[in-house]
Every structure is written in C-alpha cells, then in structure tokens.
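S.K.: To be precise about what I am sending: the file is called final_13.cif and holds mmCIF, C-alpha atoms, pLDDT in the B column; chains and numbers go by the auth columns.
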data_work
#
loop_
_atom_site.group_PDB
_atom_site.id
_atom_site.type_symbol
_atom_site.label_atom_id
_atom_site.label_comp_id
_atom_site.label_asym_id
_atom_site.label_seq_id
_atom_site.Cartn_x
_atom_site.Cartn_y
_atom_site.Cartn_z
_atom_site.B_iso_or_equiv
_atom_site.auth_seq_id
_atom_site.auth_asym_id
ATOM 1 C CA MET A 1 -2.736 -0.695 8.454 90.00 20 G
ATOM 2 C CA GLU A 2 -4.665 2.288 9.764 93.00 21 G
ATOM 3 C CA ILE A 3 -7.869 3.702 8.287 94.00 22 G
ATOM 4 C CA ARG A 4 -9.020 7.283 8.820 95.00 23 G
ATOM 5 C CA ILE A 5 -12.494 8.356 7.676 95.00 24 G
ATOM 6 C CA THR A 6 -12.196 11.789 6.070 95.00 25 G
ATOM 7 C CA ASP A 7 -15.812 12.349 4.978 96.00 26 G
ATOM 8 C CA GLU A 8 -19.128 10.665 5.679 95.00 27 G
ATOM 9 C CA LYS A 9 -22.263 11.802 3.854 96.00 28 G
ATOM 10 C CA GLU A 10 -25.845 10.502 3.948 96.00 29 G
ATOM 11 C CA ASN A 11 -27.516 9.956 0.578 94.00 30 G
ATOM 12 C CA PRO A 12 -31.206 9.253 1.325 94.00 31 G
ATOM 13 C CA LEU A 13 -32.151 9.131 -2.367 93.00 32 G
ATOM 14 C CA LEU A 14 -29.963 6.052 -2.894 93.00 33 G
ATOM 15 C CA ALA A 15 -30.482 4.674 0.666 93.00 34 G
ATOM 16 C CA ARG A 16 -26.791 4.716 1.541 95.00 35 G
ATOM 17 C CA THR A 17 -24.001 6.475 3.408 95.00 36 G
ATOM 18 C CA GLU A 18 -21.026 7.485 1.281 96.00 37 G
ATOM 19 C CA ILE A 19 -17.660 7.246 3.011 96.00 38 G
ATOM 20 C CA LYS A 20 -14.309 8.669 1.921 97.00 39 G
ATOM 21 C CA PHE A 21 -11.270 7.412 3.773 96.00 40 G
ATOM 22 C CA GLU A 22 -7.480 7.333 3.880 95.00 41 G
ATOM 23 C CA CYS A 23 -5.599 4.112 4.396 94.00 42 G
ATOM 24 C CA LEU A 24 -2.084 4.306 5.882 94.00 43 G
ATOM 25 C CA TYR A 25 0.210 1.297 5.484 92.00 44 G
ATOM 26 C CA GLN A 26 3.866 2.356 5.841 89.00 45 G
ATOM 27 C CA GLY A 27 6.297 -0.426 4.965 86.00 46 G
ATOM 28 C CA GLU A 28 3.563 -2.862 3.903 88.00 47 G
ATOM 29 C CA PRO A 29 2.151 -3.746 0.493 89.00 48 G
ATOM 30 C CA THR A 30 -1.045 -2.022 -0.640 89.00 49 G
ATOM 31 C CA PRO A 31 -3.875 -3.752 1.232 91.00 50 G
ATOM 32 C CA LYS A 32 -6.461 -5.813 -0.623 92.00 51 G
ATOM 33 C CA ILE A 33 -10.012 -4.500 -0.918 92.00 52 G
ATOM 34 C CA LEU A 34 -11.325 -7.277 1.321 92.00 53 G
ATOM 35 C CA GLU A 35 -8.841 -6.378 4.089 92.00 54 G
ATOM 36 C CA VAL A 36 -9.951 -2.746 3.950 93.00 55 G
ATOM 37 C CA LYS A 37 -13.601 -3.826 3.918 93.00 56 G
ATOM 38 C CA LYS A 38 -13.146 -5.953 7.069 93.00 57 G
ATOM 39 C CA LYS A 39 -11.526 -3.040 8.886 94.00 58 G
ATOM 40 C CA LEU A 40 -14.236 -0.587 7.799 94.00 59 G
ATOM 41 C CA VAL A 41 -17.013 -2.996 8.863 93.00 60 G
ATOM 42 C CA ALA A 42 -15.412 -3.218 12.320 93.00 61 G
ATOM 43 C CA MET A 43 -14.980 0.573 12.568 93.00 62 G
ATOM 44 C CA LEU A 44 -18.540 1.347 11.472 91.00 63 G
ATOM 45 C CA ASN A 45 -20.083 -1.572 13.369 93.00 64 G
ATOM 46 C CA SER A 46 -22.113 -2.570 10.306 92.00 65 G
ATOM 47 C CA ASP A 47 -23.113 -5.628 8.295 91.00 66 G
ATOM 48 C CA LYS A 48 -20.393 -6.825 5.876 90.00 67 G
ATOM 49 C CA ASP A 49 -23.030 -7.600 3.223 91.00 68 G
ATOM 50 C CA LEU A 50 -24.169 -3.962 3.123 93.00 69 G
ATOM 51 C CA LEU A 51 -20.736 -2.326 2.740 94.00 70 G
ATOM 52 C CA VAL A 52 -19.079 -1.966 -0.666 94.00 71 G
ATOM 53 C CA VAL A 53 -15.547 -0.626 -1.129 94.00 72 G
ATOM 54 C CA ASP A 54 -15.747 1.066 -4.515 93.00 73 G
ATOM 55 C CA THR A 55 -12.197 2.361 -5.030 93.00 74 G
ATOM 56 C CA LEU A 56 -8.816 2.207 -3.345 94.00 75 G
ATOM 57 C CA ARG A 57 -6.212 4.390 -5.051 94.00 76 G
ATOM 58 C CA PRO A 58 -2.645 4.300 -3.713 94.00 77 G
ATOM 59 C CA TYR A 59 -0.333 7.319 -3.862 91.00 78 G
ATOM 60 C CA PHE A 60 2.854 6.664 -5.817 89.00 79 G
ATOM 61 C CA GLY A 61 5.869 6.226 -3.541 86.00 80 G
ATOM 62 C CA GLU A 62 3.920 6.705 -0.318 89.00 81 G
ATOM 63 C CA GLY A 63 2.413 4.256 2.108 91.00 82 G
ATOM 64 C CA LYS A 64 -1.099 5.579 1.808 93.00 83 G
ATOM 65 C CA ALA A 65 -4.173 5.334 -0.370 94.00 84 G
ATOM 66 C CA LYS A 66 -7.481 7.158 -0.781 96.00 85 G
ATOM 67 C CA GLY A 67 -10.656 5.153 -0.857 95.00 86 G
ATOM 68 C CA TYR A 68 -14.396 5.416 -1.363 96.00 87 G
ATOM 69 C CA ALA A 69 -16.962 3.085 0.184 95.00 88 G
ATOM 70 C CA LYS A 70 -20.755 2.907 0.332 95.00 89 G
ATOM 71 C CA LEU A 71 -22.811 1.569 3.220 95.00 90 G
ATOM 72 C CA TYR A 72 -26.331 0.643 2.106 95.00 91 G
ATOM 73 C CA GLN A 73 -29.407 0.500 4.321 94.00 92 G
ATOM 74 C CA ASP A 74 -30.581 -2.815 2.849 92.00 93 G
ATOM 75 C CA LYS A 75 -29.473 -5.561 0.469 93.00 94 G
ATOM 76 C CA LYS A 76 -32.194 -4.754 -2.079 93.00 95 G
ATOM 77 C CA ALA A 77 -30.892 -1.197 -2.608 92.00 96 G
ATOM 78 C CA LEU A 78 -27.321 -2.466 -2.965 92.00 97 G
ATOM 79 C CA GLU A 79 -28.236 -5.014 -5.649 91.00 98 G
ATOM 80 C CA LYS A 80 -30.392 -2.515 -7.529 93.00 99 G
ATOM 81 C CA ILE A 81 -27.764 0.264 -7.682 92.00 100 G
ATOM 82 C CA GLU A 82 -24.289 -1.309 -7.676 92.00 101 G
ATOM 83 C CA PRO A 83 -22.815 -2.760 -10.896 92.00 102 G
ATOM 84 C CA GLU A 84 -22.149 -6.501 -10.939 91.00 103 G
ATOM 85 C CA HIS A 85 -18.328 -6.153 -11.050 89.00 104 G
ATOM 86 C CA VAL A 86 -18.231 -3.960 -7.920 90.00 105 G
ATOM 87 C CA ILE A 87 -20.348 -6.461 -5.977 89.00 106 G
ATOM 88 C CA GLU A 88 -18.133 -9.302 -7.247 90.00 107 G
ATOM 89 C CA LYS A 89 -14.860 -7.730 -6.057 89.00 108 G
ATOM 90 C CA ASN A 90 -16.346 -7.230 -2.576 89.00 109 G
ATOM 91 C CA LEU A 91 -17.397 -10.863 -2.135 87.00 110 G
ATOM 92 C CA GLU A 92 -15.215 -13.192 -0.111 80.00 111 G
ATOM 93 C CA LYS A 93 -14.118 -16.069 -2.300 74.00 112 G
ATOM 94 C CA LYS A 94 -15.218 -19.560 -1.339 59.00 113 G
ATOM 95 C CA VAL A 95 -12.596 -22.257 -0.869 47.00 114 G
ATOM 96 C CA GLU A 96 -11.182 -22.864 -4.349 49.00 115 G
ATOM 97 C CA ALA A 97 -10.962 -26.621 -3.766 46.00 116 G
ATOM 98 C CA GLU A 98 -14.776 -26.837 -3.951 51.00 117 G
ATOM 99 C CA GLY A 99 -14.785 -25.837 -7.630 49.00 118 G
ATOM 100 C CA GLU A 100 -12.041 -28.263 -8.636 51.00 119 G
ATOM 101 C CA GLU A 101 -13.503 -31.740 -8.993 47.00 120 G
#
Could you take the file, read its structure, and then write that structure out as structure tokens?
M.R.:
Amino acid sequence: MEIRITDEKENPLLARTEIKFECLYQGEPTPKILEVKKKLVAMLNSDKDLLVVDTLRPYFGEGKAKGYAKLYQDKKALEKIEPEHVIEKNLEKKVEAEGEE
C-alpha cells in the first residue's frame, strides 16, 4: 500500500491541518482505516491520538482510493469538533478477550 498526499491545508480556526490523500493498493483488498492511519502517522511524524481519518472512498474496479484526514493541534480541539462515531472508528480496539468474562 502506498499513500500520496495530494493536498495539505492549515485551518487555524479549527486548530487542525486538513489532508487529502490517495491510497494505492494494486492487487490487495481495500485497506482498513486503522492501517491507513498508521501509515499517515508515520509519514507526517505526528501523534496517533491527534490524527483522524475521516473518509476513505475506493474507486470501483481500481486499486486506489481517495481519503480525507485531519491532524489536530491538541486533544481538546479534536474532542470538541469531531463527532463521536468518527473518533470511535479511529480508535484501536482493545483485546476482545478482556470484555468476555
């Protein structure tokens, strides 16, 4: 999987950087949001708790997808602005065996 950042824009009003990217994955299944998030965190050299992958839309019949991510300056801004479901899909799941007692 290869990620190419196509646009990066500062948004000082919302204390974040908005990132548009293309994800290329020829011959592989569409990557999960968490896989894309890990790769973006490594590319941007940022904190994984401050990056949110909002959308990942694959092209039909092609091995690529367009995506949109937001890199916040602090945790407080992220929790204030982002909807609960977007934060939830960007969290790494704990070991499922913990919940089953």
S.K.: Once the PyMOL selection byres ((chain G and resi 26) around 12) has been applied to the shown file, what residues remain in the selection, as a list in words?
M.R.: Arg23, Ile24, Thr25, Glu27, Lys28, Glu29, Thr36, Glu37, Ile38, Lys39, Phe40, Glu41, Lys85, Gly86, Tyr87, Ala88 and Lys89 of chain G
S.K.: Extract, using only C-alpha atoms, all DNA, RNA and protein residues at most 10 Å from Val105 of chain G, discarding same-chain residues fewer than 6 positions from it, and format them as an NGL selection string.
M.R.: :G and (71-74)
S.K.: Can you work out which one of G:Asp93, G:Leu59, G:Leu70, G:Leu53 has the shortest atom-to-atom distance to Glu111 of chain G, counting all atoms listed in the file?
M.R.: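 With all atoms listed in the file as the atom set, the closest residue is G:Leu53.
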S.K.: Excluding Glu47 of chain G and residues on its chain fewer than 3 positions from it, collect all residues at most 10 Å away from it, counting all atoms listed in the file, and give them as a VMD selection string.
M.R.: chain G and resid 20 43 to 44 50 82 to 83
S.K.: Could you tell me how far atom CA of Pro48 of chain G sits from atom CA of Ser65 of chain G, in Å to one decimal place?
M.R.: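 Separation of atom CA of Ser65 of chain G and atom CA of Pro48 of chain G: 26.2 Å.
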S.K.: Using all atoms listed in the file, which residues sit within 6 Å of Ala84 of chain G once same-chain residues fewer than 2 positions away are excluded, as a list of chain:residue names?
M.R.: G:Glu41, G:Cys42, G:Arg76, G:Pro77, G:Tyr78
S.K.: Which residue is closest to Ile52 of chain G? Choose from G:Ile106, G:Ala96, G:Ile22, G:Leu75 and count all atoms listed in the file.
M.R.: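 Using all atoms listed in the file, Ile52 of chain G sits closest to G:Leu75.
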S.K.: Quick one: what's the axis-aligned box for segment 95-110 of chain G, all listed atoms, 4 Å on every side, centre and edges in Å to one decimal, as JSON?
M.R.:
{"center_x": -23.5, "center_y": -5.3, "center_z": -6.6, "size_x": 25.3, "size_y": 19.1, "size_z": 17.0}
S.K.: Let me know the residues the PyMOL selection byres ((chain G and resi 34) around 8) catches in the file above, as a ChimeraX atom specification.
M.R.: /G:30-33,35-36,91-93,96
S.K.: Could you please determine the separation between atom CA of Ile100 of chain G and atom CA of Val60 of chain G in Å, to one decimal place?
M.R.: 20.0 Å
S.K.: Figure out the distance between atom CA of Lys112 of chain G and atom CA of Glu21 of chain G, please, to one decimal in Å.
M.R.: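 Going from atom CA of Glu21 of chain G over to atom CA of Lys112 of chain G, I get 23.9 Å.
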S.K.: Find, counting only C-alpha atoms, the residue in G:Pro102, G:Leu90, G:Gly80, G:Lys108 that gets nearest to Lys67 of chain G.
M.R.: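 Among G:Pro102, G:Leu90, G:Gly80, G:Lys108, it is G:Leu90 that comes nearest to Lys67 of chain G.
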